[in-house]
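Pasted below: start.txt, compact mmCIF, C-alpha atoms (C1' of nucleotides).
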```txt
# COMPACT_ATOMS: atom_id res chain seq x y z
CA MET A 1 7.43 33.59 3.15
CA THR A 2 5.85 30.67 1.40
CA ARG A 3 5.74 30.97 -2.35
CA TRP A 4 2.30 29.44 -2.96
CA LEU A 5 1.39 27.97 -6.32
CA ASP A 6 -0.35 30.28 -8.76
CA GLU A 7 -3.37 29.29 -10.88
CA ARG A 8 -1.38 27.78 -13.72
CA GLU A 9 0.86 25.83 -11.40
CA GLN A 10 -2.06 24.53 -9.39
CA ALA A 11 -3.80 23.36 -12.54
CA ALA A 12 -0.69 21.49 -13.65
CA TRP A 13 -0.05 20.02 -10.23
CA ARG A 14 -3.58 18.85 -9.69
CA GLY A 15 -3.59 17.43 -13.20
CA LEU A 16 -0.46 15.46 -12.52
CA LEU A 17 -1.68 14.08 -9.19
CA ARG A 18 -5.04 13.12 -10.57
CA MET A 19 -3.68 11.59 -13.75
CA GLN A 20 -1.15 9.62 -11.75
CA ALA A 21 -3.73 8.14 -9.43
CA ARG A 22 -6.25 7.34 -12.11
CA LEU A 23 -3.79 6.01 -14.64
CA GLN A 24 -2.10 3.71 -12.21
CA GLY A 25 -5.44 2.46 -10.95
CA GLU A 26 -6.70 1.73 -14.43
CA LEU A 27 -3.48 0.05 -15.56
CA HIS A 28 -3.49 -2.08 -12.46
CA ARG A 29 -7.11 -3.09 -12.81
CA ARG A 30 -6.80 -4.04 -16.47
CA LEU A 31 -3.57 -5.95 -16.02
CA GLN A 32 -4.96 -7.80 -13.03
CA ALA A 33 -8.20 -8.63 -14.81
CA GLY A 34 -6.45 -9.76 -17.97
CA SER A 35 -3.65 -11.81 -16.51
CA GLY A 36 -3.84 -12.07 -12.73
CA LEU A 37 -0.60 -10.10 -12.43
CA SER A 38 -0.12 -6.87 -10.52
CA LEU A 39 1.93 -3.98 -11.90
CA THR A 40 4.70 -4.89 -9.50
CA ASP A 41 4.66 -8.56 -10.53
CA PHE A 42 4.97 -7.27 -14.06
CA ASP A 43 8.02 -5.18 -13.24
CA VAL A 44 9.77 -8.09 -11.56
CA LEU A 45 9.01 -10.46 -14.41
CA VAL A 46 10.14 -7.96 -17.05
CA ALA A 47 13.42 -7.42 -15.23
CA LEU A 48 14.03 -11.17 -15.15
CA THR A 49 13.03 -11.65 -18.77
CA ASP A 50 15.52 -8.97 -19.81
CA ARG A 51 18.41 -11.07 -18.49
CA PRO A 52 20.08 -13.53 -20.84
CA ASP A 53 19.65 -16.50 -18.50
CA GLU A 54 16.46 -15.30 -16.81
CA ARG A 55 18.12 -15.29 -13.40
CA CYS A 56 19.34 -12.54 -11.11
CA ARG A 57 20.77 -12.06 -7.64
CA VAL A 58 18.27 -10.61 -5.22
CA LEU A 59 20.09 -7.39 -4.42
CA GLU A 60 20.98 -6.79 -8.02
CA LEU A 61 17.32 -7.12 -8.89
CA ALA A 62 16.49 -4.69 -6.12
CA THR A 63 18.92 -2.19 -7.64
CA LEU A 64 17.50 -2.66 -11.13
CA LEU A 65 13.97 -2.08 -9.89
CA GLU A 66 15.01 0.62 -7.43
CA TRP A 67 13.20 -1.23 -4.68
CA GLU A 68 14.18 -1.72 -1.07
CA LYS A 69 15.59 -5.17 -0.52
CA SER A 70 13.00 -5.96 2.09
CA ARG A 71 10.16 -5.04 -0.22
CA LEU A 72 11.62 -7.28 -2.88
CA SER A 73 12.16 -10.10 -0.42
CA HIS A 74 8.53 -9.99 0.67
CA HIS A 75 7.31 -9.75 -2.88
CA LEU A 76 9.48 -12.62 -4.08
CA ALA A 77 8.11 -14.78 -1.29
CA ARG A 78 4.58 -14.12 -2.52
CA MET A 79 5.50 -14.67 -6.16
CA GLN A 80 7.26 -17.89 -5.28
CA LYS A 81 4.14 -19.14 -3.52
CA ARG A 82 2.26 -18.49 -6.74
CA GLY A 83 4.87 -20.35 -8.77
CA LEU A 84 6.00 -17.37 -10.86
CA ILE A 85 9.61 -17.48 -9.75
CA ALA A 86 11.93 -19.86 -7.94
CA ARG A 87 15.18 -19.54 -6.03
CA GLU A 88 18.49 -21.18 -6.59
CA GLU A 89 21.52 -21.25 -4.37
CA CYS A 90 24.58 -19.39 -5.40
CA ASP A 91 27.80 -21.40 -5.66
CA ASP A 92 30.37 -18.66 -5.31
CA ASP A 93 28.63 -16.82 -2.46
CA GLY A 94 27.08 -18.84 0.32
CA ARG A 95 24.89 -15.94 1.42
CA GLY A 96 23.48 -15.28 -2.01
CA ASN A 97 20.45 -16.49 -3.89
CA TYR A 98 19.45 -16.40 -7.50
CA VAL A 99 15.92 -15.56 -8.45
CA VAL A 100 14.93 -17.51 -11.54
CA LEU A 101 11.95 -17.26 -13.83
CA THR A 102 9.81 -20.40 -13.87
CA ALA A 103 8.00 -21.68 -16.94
CA ALA A 104 4.77 -20.42 -15.41
CA GLY A 105 6.37 -17.03 -14.85
CA ARG A 106 7.51 -16.79 -18.44
CA ALA A 107 4.10 -17.88 -19.68
CA ALA A 108 2.41 -15.28 -17.48
CA ILE A 109 4.53 -12.38 -18.67
CA GLU A 110 4.28 -13.38 -22.30
CA ALA A 111 0.53 -13.59 -22.01
CA ALA A 112 0.25 -10.29 -20.19
CA ALA A 113 2.67 -8.05 -22.06
CA PRO A 114 0.82 -7.39 -25.33
CA GLY A 115 -2.39 -6.38 -23.58
CA HIS A 116 -0.54 -4.19 -21.14
CA VAL A 117 1.36 -2.35 -23.85
CA GLU A 118 -1.88 -1.95 -25.75
CA THR A 119 -3.47 -0.37 -22.69
CA VAL A 120 -0.57 2.05 -22.26
CA ARG A 121 -0.81 2.99 -25.89
CA GLU A 122 -4.55 3.44 -25.75
CA LEU A 123 -4.65 5.47 -22.55
CA VAL A 124 -1.48 7.51 -23.02
CA PHE A 125 0.22 7.60 -26.37
CA ASP A 126 -2.91 7.65 -28.49
CA ALA A 127 -3.78 10.85 -26.61
CA LEU A 128 -0.43 12.55 -27.20
CA SER A 129 1.17 14.28 -30.17
CA ASP A 130 4.85 13.89 -30.98
CA ASP A 131 5.46 17.24 -29.32
CA ASP A 132 3.66 16.04 -26.22
CA VAL A 133 5.83 12.95 -26.03
CA ALA A 134 8.95 15.06 -26.35
CA ALA A 135 7.67 17.47 -23.69
CA LEU A 136 6.87 14.61 -21.34
CA THR A 137 10.37 13.22 -21.71
CA ARG A 138 11.87 16.63 -21.06
CA ILE A 139 9.66 17.32 -18.05
CA THR A 140 10.22 13.99 -16.34
CA ALA A 141 13.96 14.30 -16.91
CA ALA A 142 14.02 17.79 -15.44
CA VAL A 143 12.16 16.76 -12.31
CA GLN A 144 14.41 13.77 -11.84
CA ALA A 145 17.47 15.95 -12.19
CA ARG A 146 16.12 17.93 -9.25
CA LEU A 147 15.51 14.76 -7.30
CA ASP A 148 19.11 13.82 -7.96
CA GLY A 149 20.29 17.17 -6.74
CA ARG A 150 21.75 17.72 -10.19
CA ASP A 151 20.61 21.27 -10.54
CA PRO A 152 19.57 22.53 -13.95
CA ARG A 153 18.36 26.14 -13.66
CA MET B 1 -0.42 -7.55 -33.72
CA THR B 2 0.83 -5.65 -30.77
CA ARG B 3 1.95 -2.12 -31.47
CA TRP B 4 5.01 -2.00 -29.21
CA LEU B 5 6.38 1.29 -28.00
CA ASP B 6 9.14 2.84 -30.08
CA GLU B 7 12.30 4.40 -28.61
CA ARG B 8 10.82 7.82 -28.03
CA GLU B 9 7.70 6.42 -26.44
CA GLN B 10 9.66 4.11 -24.20
CA ALA B 11 11.85 6.96 -23.02
CA ALA B 12 8.78 9.04 -22.16
CA TRP B 13 7.00 6.15 -20.48
CA ARG B 14 9.95 5.09 -18.39
CA GLY B 15 10.53 8.71 -17.47
CA LEU B 16 6.97 9.09 -16.28
CA LEU B 17 6.99 5.88 -14.24
CA ARG B 18 10.31 6.65 -12.63
CA MET B 19 9.49 10.26 -11.90
CA GLN B 20 6.17 9.26 -10.43
CA ALA B 21 7.69 6.73 -8.06
CA ARG B 22 10.58 8.90 -6.98
CA LEU B 23 8.61 12.11 -6.64
CA GLN B 24 5.90 10.56 -4.56
CA GLY B 25 8.46 8.84 -2.37
CA GLU B 26 10.38 12.04 -1.77
CA LEU B 27 7.28 14.12 -1.11
CA HIS B 28 6.04 11.54 1.32
CA ARG B 29 9.35 11.27 3.15
CA ARG B 30 9.76 15.01 3.54
CA LEU B 31 6.19 15.62 4.62
CA GLN B 32 6.35 12.79 7.13
CA ALA B 33 9.68 13.95 8.50
CA GLY B 34 8.59 17.56 8.76
CA SER B 35 5.14 17.14 10.21
CA GLY B 36 4.31 13.52 10.95
CA LEU B 37 1.60 13.58 8.30
CA SER B 38 1.35 11.26 5.31
CA LEU B 39 0.39 12.52 1.87
CA THR B 40 -3.05 10.99 2.34
CA ASP B 41 -3.51 12.62 5.74
CA PHE B 42 -2.63 15.84 4.00
CA ASP B 43 -5.28 15.37 1.33
CA VAL B 44 -7.96 14.64 3.89
CA LEU B 45 -7.04 17.64 6.01
CA VAL B 46 -6.90 19.96 3.00
CA ALA B 47 -10.34 18.84 1.89
CA LEU B 48 -11.73 19.57 5.35
CA THR B 49 -9.95 22.91 5.62
CA ASP B 50 -11.47 23.96 2.30
CA ARG B 51 -14.98 23.72 3.76
CA PRO B 52 -16.46 26.80 5.41
CA ASP B 53 -17.31 24.97 8.65
CA GLU B 54 -14.47 22.43 8.50
CA ARG B 55 -16.91 19.53 8.50
CA CYS B 56 -18.05 17.11 5.82
CA ARG B 57 -20.21 14.02 5.43
CA VAL B 58 -18.15 10.89 4.96
CA LEU B 59 -19.40 9.95 1.51
CA GLU B 60 -19.17 13.50 0.26
CA LEU B 61 -15.58 13.57 1.40
CA ALA B 62 -14.99 10.29 -0.39
CA THR B 63 -16.35 11.84 -3.59
CA LEU B 64 -14.21 14.95 -3.21
CA LEU B 65 -11.10 12.87 -2.74
CA GLU B 66 -12.13 10.25 -5.28
CA TRP B 67 -11.52 7.56 -2.69
CA GLU B 68 -13.48 4.40 -2.02
CA LYS B 69 -15.67 4.81 1.01
CA SER B 70 -14.07 1.88 2.74
CA ARG B 71 -10.61 3.29 2.27
CA LEU B 72 -11.77 6.57 3.72
CA SER B 73 -13.50 4.83 6.59
CA HIS B 74 -10.33 2.97 7.54
CA HIS B 75 -8.22 6.08 7.17
CA LEU B 76 -10.57 8.22 9.24
CA ALA B 77 -10.45 5.62 12.00
CA ARG B 78 -6.67 5.91 12.10
CA MET B 79 -6.73 9.71 11.95
CA GLN B 80 -9.31 9.82 14.70
CA LYS B 81 -7.09 7.68 16.90
CA ARG B 82 -4.34 10.24 16.36
CA GLY B 83 -6.69 13.10 17.23
CA LEU B 84 -6.58 14.82 13.84
CA ILE B 85 -10.30 14.55 13.17
CA ALA B 86 -13.45 13.74 15.08
CA ARG B 87 -16.94 12.55 14.18
CA GLU B 88 -20.26 14.14 14.86
CA GLU B 89 -23.70 12.69 14.43
CA CYS B 90 -25.93 14.02 11.75
CA ASP B 91 -29.33 15.37 12.84
CA ASP B 92 -31.26 15.09 9.63
CA ASP B 93 -29.98 11.65 8.64
CA GLY B 94 -29.64 9.01 11.34
CA ARG B 95 -27.24 6.96 9.22
CA GLY B 96 -24.91 9.83 8.52
CA ASN B 97 -21.81 11.18 10.20
CA TYR B 98 -19.92 14.38 9.94
CA VAL B 99 -16.16 14.35 9.90
CA VAL B 100 -14.85 17.44 11.64
CA LEU B 101 -11.41 18.94 11.88
CA THR B 102 -10.05 19.08 15.43
CA ALA B 103 -7.83 21.86 16.75
CA ALA B 104 -4.92 19.45 16.52
CA GLY B 105 -5.85 18.66 12.93
CA ARG B 106 -5.95 22.32 11.98
CA ALA B 107 -2.66 22.95 13.72
CA ALA B 108 -1.07 20.01 11.91
CA ILE B 109 -2.13 21.09 8.44
CA GLU B 110 -1.20 24.70 9.04
CA ALA B 111 2.23 23.64 10.20
CA ALA B 112 2.71 21.24 7.31
CA ALA B 113 1.38 23.17 4.32
CA PRO B 114 4.10 25.77 3.75
CA GLY B 115 6.90 23.22 3.80
CA HIS B 116 5.01 20.89 1.53
CA VAL B 117 4.31 23.57 -1.04
CA GLU B 118 7.92 24.60 -0.85
CA THR B 119 8.98 21.05 -1.60
CA VAL B 120 6.66 20.83 -4.58
CA ARG B 121 8.01 24.07 -5.89
CA GLU B 122 11.59 23.06 -5.35
CA LEU B 123 11.31 19.60 -6.89
CA VAL B 124 8.90 20.37 -9.69
CA PHE B 125 8.15 23.94 -10.63
CA ASP B 126 11.63 25.27 -10.16
CA ALA B 127 12.67 22.72 -12.77
CA LEU B 128 10.02 23.70 -15.31
CA SER B 129 9.64 26.58 -17.75
CA ASP B 130 6.28 28.24 -18.41
CA ASP B 131 6.00 26.18 -21.56
CA ASP B 132 6.67 23.01 -19.59
CA VAL B 133 3.92 23.86 -17.14
CA ALA B 134 1.50 24.45 -19.99
CA ALA B 135 2.55 21.20 -21.65
CA LEU B 136 2.11 19.29 -18.42
CA THR B 137 -1.39 20.64 -18.01
CA ARG B 138 -2.23 19.74 -21.58
CA ILE B 139 -0.78 16.24 -21.33
CA THR B 140 -2.46 15.33 -18.06
CA ALA B 141 -5.77 16.61 -19.37
CA ALA B 142 -5.45 14.59 -22.57
CA VAL B 143 -4.70 11.37 -20.71
CA GLN B 144 -7.58 11.96 -18.36
CA ALA B 145 -9.91 12.53 -21.26
CA ARG B 146 -8.93 9.06 -22.47
CA LEU B 147 -9.55 7.63 -19.03
CA ASP B 148 -12.98 9.22 -19.11
CA GLY B 149 -13.67 7.69 -22.48
CA ARG B 150 -14.08 11.22 -23.81
CA ASP B 151 -12.15 10.65 -26.95
CA PRO B 152 -10.02 13.44 -28.33
CA ARG B 153 -8.16 12.26 -31.46
C1' DG C 1 -47.97 0.81 7.92
C1' DC C 2 -45.03 -2.52 6.21
C1' DA C 3 -42.23 -5.13 2.78
C1' DA C 4 -38.69 -4.21 -0.64
C1' DC C 5 -35.21 -1.63 -1.88
C1' DG C 6 -31.65 1.94 -1.69
C1' DT C 7 -28.17 4.54 0.91
C1' DA C 8 -24.64 5.80 4.80
C1' DG C 9 -21.15 3.93 6.73
C1' DG C 10 -18.29 0.29 9.11
C1' DT C 11 -15.69 -4.28 9.46
C1' DG C 12 -12.47 -8.17 8.69
C1' DA C 13 -9.39 -10.54 5.92
C1' DC C 14 -5.76 -10.24 2.96
C1' DG C 15 -2.03 -8.41 -0.12
C1' DC C 16 1.38 -4.84 -0.13
C1' DG C 17 5.39 -1.48 1.54
C1' DT C 18 8.39 0.26 5.31
C1' DC C 19 11.20 0.10 9.20
C1' DA C 20 14.04 -2.07 12.41
C1' DA C 21 16.03 -6.04 13.86
C1' DC C 22 18.04 -10.45 12.87
C1' DT C 23 20.93 -14.56 10.75
C1' DA C 24 24.42 -16.23 8.04
C1' DT C 25 28.27 -15.64 5.35
C1' DT C 26 32.41 -13.25 3.53
C1' DC C 27 36.16 -9.97 3.85
C1' DC C 28 40.01 -7.82 5.90
C1' DG C 29 43.54 -6.17 9.15
C1' DG C 30 46.73 -7.83 12.31
C1' DC D 1 43.86 -17.88 11.55
C1' DC D 2 40.87 -15.01 14.27
C1' DG D 3 37.94 -11.18 15.58
C1' DG D 4 35.41 -7.35 13.85
C1' DA D 5 33.17 -5.11 10.10
C1' DA D 6 30.69 -5.39 5.87
C1' DT D 7 27.29 -7.80 2.83
C1' DA D 8 23.19 -10.93 1.31
C1' DG D 9 19.04 -11.82 2.43
C1' DT D 10 14.89 -12.74 5.67
C1' DT D 11 11.52 -11.71 9.19
C1' DG D 12 7.86 -9.44 12.06
C1' DA D 13 5.20 -5.69 13.26
C1' DC D 14 2.55 -2.15 11.64
C1' DG D 15 0.17 1.21 8.56
C1' DC D 16 -2.29 1.31 4.27
C1' DG D 17 -5.80 -0.05 0.29
C1' DT D 18 -9.16 -3.34 -1.64
C1' DC D 19 -12.77 -6.52 -1.69
C1' DA D 20 -16.74 -8.62 0.02
C1' DC D 21 -19.90 -8.43 3.33
C1' DC D 22 -22.64 -6.41 7.12
C1' DT D 23 -25.64 -3.19 9.90
C1' DA D 24 -28.65 0.45 10.41
C1' DC D 25 -31.45 3.84 8.74
C1' DG D 26 -34.42 6.03 5.08
C1' DT D 27 -37.74 5.82 1.00
C1' DT D 28 -41.24 4.26 -1.83
C1' DG D 29 -45.25 1.70 -3.32
C1' DC D 30 -49.05 -0.88 -2.32
```

Translate this structure into structure tokens?
Amino acid sequence: MTRWLDEREQAAWRGLLRMQARLQGELHRRLQAGSGLSLTDFDVLVALTDRPDERCRVLELATLLEWEKSRLSHHLARMQKRGLIAREECDDDGRGNYVVLTAAGRAAIEAAAPGHVETVRELVFDALSDDDVAALTRITAAVQARLDGRDPR
Amino acid sequence: MTRWLDEREQAAWRGLLRMQARLQGELHRRLQAGSGLSLTDFDVLVALTDRPDERCRVLELATLLEWEKSRLSHHLARMQKRGLIAREECDDDGRGNYVVLTAAGRAAIEAAAPGHVETVRELVFDALSDDDVAALTRITAAVQARLDGRDPR
DNA sequence: GCAACGTAGGTGACGCGTCAACTATTCCGG
DNA sequence: CCGGAATAGTTGACGCGTCACCTACGTTGC
């Protein structure tokens, strides 16, 4: 027997789906308009900026981002064409490649970041109380525990 | 001056982004594996099933789903090729088209729905308390109010 | 009754993500 | 060392979403 969602659950579920779609759309549009970067470009550039030497092996980057390697490979090819990143050969492993941030890439992320954070704050955190923020952290952690198969409750 | 996110805010934001990506991926994979439908197919079929006569004008459907008309048009073309929906001409408006559910479409959604709901329950609602569900509803509503420009706080 | 405009819907190109297959290198057991 | 397995990364085909543009029909005003 299927346990269908009751009224309260449906309201929450629909709210989540709709917020997700709209929020991502709006974040993407504003970031793109303000800086020419996509949300995914942003994630890649942030990951590279977080490294001390602004370089990273491809598969390690894929792990950091939790992306499939093929998705990353395609995306890096496009970003390279736009001059945001470059590749460097790896001395100790002939198969490997480093992805490195270019000057243009660093400039792009530095130009984009403040506006993006401001948008997140405006659309999300300005709308939430401290309790809401705590609840959101708790909720997202609980769902991810389920996704991990780590079973709480 | 940019108001960067503090620790608590970052934890919540990262949690939301990560949960979003993982949850959608898992829902998609399971639905696809169980029924051959994508999440978007599912949305289209649900919208049609909700109508008394299982038919709907294209642009009205686009409004219901909050999709761009061109996205819907492309998607309907693919679904039509797979036999899930069909089109019918509209008598009172020579430009218009009805999208109608086929027998195969109805069969597909009826086969897919119970498992999908079960997955949502298992991955989300089984992990949440009543308070969590209420908080989630509140949070998603607050963010959407911001997206609407309806400004609470 | 016809020009101007609005509306319903489709199309083509392009960027993106996934899947499966592929190349090139390294590792490891004998 | 050498043959097979594992690993790093790329590629191509295909489905999907967006944007800009297009066609065809309806509406409205003179």

- Item | Neighbour list for B:Arg29 as a PyMOL selection string, cut-off 12 Å, only C-alpha atoms (C1' of nucleotides), skip fewer than 4 positions in-chain | (chain B and resi 22-25+33-39+116+119) or (chain C and resi 18)

- Using only C-alpha atoms, determine which residues of chain B fall within 7 Å of chain A; present them as a PyMOL selection string. chain B and resi 2-4+9+11-12+15-16+19+114+117-118+123-124+127-128+132-133+135-137+139-144+146-147+152-153

Store the residues picked out above in a file with C-alpha atoms, as a PDB file, in the frame of the given file.
```pdb
ATOM      1  CA  THR B   2       0.830  -5.650 -30.770  1.00  0.00           C
ATOM      2  CA  ARG B   3       1.950  -2.120 -31.470  1.00  0.00           C
ATOM      3  CA  TRP B   4       5.010  -2.000 -29.210  1.00  0.00           C
ATOM      4  CA  GLU B   9       7.700   6.420 -26.440  1.00  0.00           C
ATOM      5  CA  ALA B  11      11.850   6.960 -23.020  1.00  0.00           C
ATOM      6  CA  ALA B  12       8.780   9.040 -22.160  1.00  0.00           C
ATOM      7  CA  GLY B  15      10.530   8.710 -17.470  1.00  0.00           C
ATOM      8  CA  LEU B  16       6.970   9.090 -16.280  1.00  0.00           C
ATOM      9  CA  MET B  19       9.490  10.260 -11.900  1.00  0.00           C
ATOM     10  CA  PRO B 114       4.100  25.770   3.750  1.00  0.00           C
ATOM     11  CA  VAL B 117       4.310  23.570  -1.040  1.00  0.00           C
ATOM     12  CA  GLU B 118       7.920  24.600  -0.850  1.00  0.00           C
ATOM     13  CA  LEU B 123      11.310  19.600  -6.890  1.00  0.00           C
ATOM     14  CA  VAL B 124       8.900  20.370  -9.690  1.00  0.00           C
ATOM     15  CA  ALA B 127      12.670  22.720 -12.770  1.00  0.00           C
ATOM     16  CA  LEU B 128      10.020  23.700 -15.310  1.00  0.00           C
ATOM     17  CA  ASP B 132       6.670  23.010 -19.590  1.00  0.00           C
ATOM     18  CA  VAL B 133       3.920  23.860 -17.140  1.00  0.00           C
ATOM     19  CA  ALA B 135       2.550  21.200 -21.650  1.00  0.00           C
ATOM     20  CA  LEU B 136       2.110  19.290 -18.420  1.00  0.00           C
ATOM     21  CA  THR B 137      -1.390  20.640 -18.010  1.00  0.00           C
ATOM     22  CA  ILE B 139      -0.780  16.240 -21.330  1.00  0.00           C
ATOM     23  CA  THR B 140      -2.460  15.330 -18.060  1.00  0.00           C
ATOM     24  CA  ALA B 141      -5.770  16.610 -19.370  1.00  0.00           C
ATOM     25  CA  ALA B 142      -5.450  14.590 -22.570  1.00  0.00           C
ATOM     26  CA  VAL B 143      -4.700  11.370 -20.710  1.00  0.00           C
ATOM     27  CA  GLN B 144      -7.580  11.960 -18.360  1.00  0.00           C
ATOM     28  CA  ARG B 146      -8.930   9.060 -22.470  1.00  0.00           C
ATOM     29  CA  LEU B 147      -9.550   7.630 -19.030  1.00  0.00           C
ATOM     30  CA  PRO B 152     -10.020  13.440 -28.330  1.00  0.00           C
ATOM     31  CA  ARG B 153      -8.160  12.260 -31.460  1.00  0.00           C
TER      32      ARG B 153
END
```

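Computed from the coordinates, the atom CA of A:Cys90 to atom C1' of D:DG9 distance equals 12.2 Å.
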
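The protein and nucleic acid residues lying at most 12 Å from stretch 1-3 of chain D are DC27, DC28, DG29 and DG30 of chain C, with all atoms listed in the file considered and sequence neighbours fewer than 6 positions away removed.
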
- Select all residues from chain B having any atom no more than 10 Å from an atom of chain D (counting all atoms listed in the file, ignoring ligands), output as a ChimeraX atom specification. /B:40,67-68,70-72,74-75,78,93-96

- Task: For atom CA of B:Arg55 and atom CA of B:Val100, determine how far apart the two atoms are, in Å to one decimal place.
- Result: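 About the pair atom CA of B:Arg55 and atom CA of B:Val100: they are 4.3 Å apart.
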
- Task: Mind giving me the straight-line distance from atom CA of A:Ala104 to atom CA of A:Leu84 in Å, one decimal?
- Result: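 So the two atoms, atom CA of A:Ala104 and atom CA of A:Leu84, lie 5.6 Å apart.
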
As an mmCIF file, in the coordinates of the input, the rebuilt stretch 82-101 of chain A with N, CA and C atoms:
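Below is the file that was written, selection11.cif:
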```cif
data_model
loop_
_atom_site.group_PDB
_atom_site.id
_atom_site.type_symbol
_atom_site.label_atom_id
_atom_site.label_comp_id
_atom_site.auth_asym_id
_atom_site.auth_seq_id
_atom_site.Cartn_x
_atom_site.Cartn_y
_atom_site.Cartn_z
ATOM 1 N N ARG A 82 3.149 -18.369 -5.593
ATOM 2 C CA ARG A 82 2.260 -18.490 -6.740
ATOM 3 C C ARG A 82 2.943 -19.192 -7.925
ATOM 4 N N GLY A 83 4.188 -19.568 -7.735
ATOM 5 C CA GLY A 83 4.870 -20.350 -8.770
ATOM 6 C C GLY A 83 5.440 -19.531 -9.919
ATOM 7 N N LEU A 84 5.525 -18.209 -9.762
ATOM 8 C CA LEU A 84 6.000 -17.370 -10.860
ATOM 9 C C LEU A 84 7.524 -17.319 -10.935
ATOM 10 N N ILE A 85 8.150 -17.481 -9.791
ATOM 11 C CA ILE A 85 9.610 -17.480 -9.750
ATOM 12 C C ILE A 85 10.080 -18.597 -8.816
ATOM 13 N N ALA A 86 11.350 -18.897 -8.867
ATOM 14 C CA ALA A 86 11.930 -19.860 -7.940
ATOM 15 C C ALA A 86 13.269 -19.322 -7.473
ATOM 16 N N ARG A 87 13.875 -19.978 -6.501
ATOM 17 C CA ARG A 87 15.180 -19.540 -6.030
ATOM 18 C C ARG A 87 16.183 -20.660 -6.243
ATOM 19 N N GLU A 88 17.422 -20.218 -6.443
ATOM 20 C CA GLU A 88 18.490 -21.180 -6.590
ATOM 21 C C GLU A 88 19.669 -20.704 -5.786
ATOM 22 N N GLU A 89 20.363 -21.647 -5.171
ATOM 23 C CA GLU A 89 21.520 -21.250 -4.370
ATOM 24 C C GLU A 89 22.658 -20.800 -5.261
ATOM 25 N N CYS A 90 23.497 -20.000 -4.663
ATOM 26 C CA CYS A 90 24.580 -19.390 -5.400
ATOM 27 C C CYS A 90 25.879 -20.077 -4.989
ATOM 28 N N ASP A 91 26.609 -20.613 -5.965
ATOM 29 C CA ASP A 91 27.800 -21.400 -5.660
ATOM 30 C C ASP A 91 28.926 -20.554 -5.064
ATOM 31 N N ASP A 92 29.209 -19.439 -5.706
ATOM 32 C CA ASP A 92 30.370 -18.660 -5.310
ATOM 33 C C ASP A 92 30.127 -17.760 -4.108
ATOM 34 N N ASP A 93 28.897 -17.622 -3.653
ATOM 35 C CA ASP A 93 28.630 -16.820 -2.460
ATOM 36 C C ASP A 93 27.541 -17.493 -1.625
ATOM 37 N N GLY A 94 27.970 -18.041 -0.512
ATOM 38 C CA GLY A 94 27.080 -18.840 0.320
ATOM 39 C C GLY A 94 25.895 -18.073 0.886
ATOM 40 N N ARG A 95 26.000 -16.742 0.907
ATOM 41 C CA ARG A 95 24.890 -15.940 1.420
ATOM 42 C C ARG A 95 23.842 -15.682 0.360
ATOM 43 N N GLY A 96 24.301 -15.770 -0.904
ATOM 44 C CA GLY A 96 23.480 -15.280 -2.010
ATOM 45 C C GLY A 96 22.429 -16.242 -2.513
ATOM 46 N N ASN A 97 21.503 -15.714 -3.258
ATOM 47 C CA ASN A 97 20.450 -16.490 -3.890
ATOM 48 C C ASN A 97 20.226 -15.954 -5.295
ATOM 49 N N TYR A 98 19.932 -16.849 -6.211
ATOM 50 C CA TYR A 98 19.450 -16.400 -7.500
ATOM 51 C C TYR A 98 17.933 -16.477 -7.519
ATOM 52 N N VAL A 99 17.345 -15.489 -8.151
ATOM 53 C CA VAL A 99 15.920 -15.560 -8.450
ATOM 54 C C VAL A 99 15.828 -16.027 -9.890
ATOM 55 N N VAL A 100 15.050 -17.045 -10.158
ATOM 56 C CA VAL A 100 14.930 -17.510 -11.540
ATOM 57 C C VAL A 100 13.466 -17.523 -11.965
ATOM 58 N N LEU A 101 13.281 -17.240 -13.234
ATOM 59 C CA LEU A 101 11.950 -17.260 -13.830
ATOM 60 C C LEU A 101 11.524 -18.713 -13.999
#
```
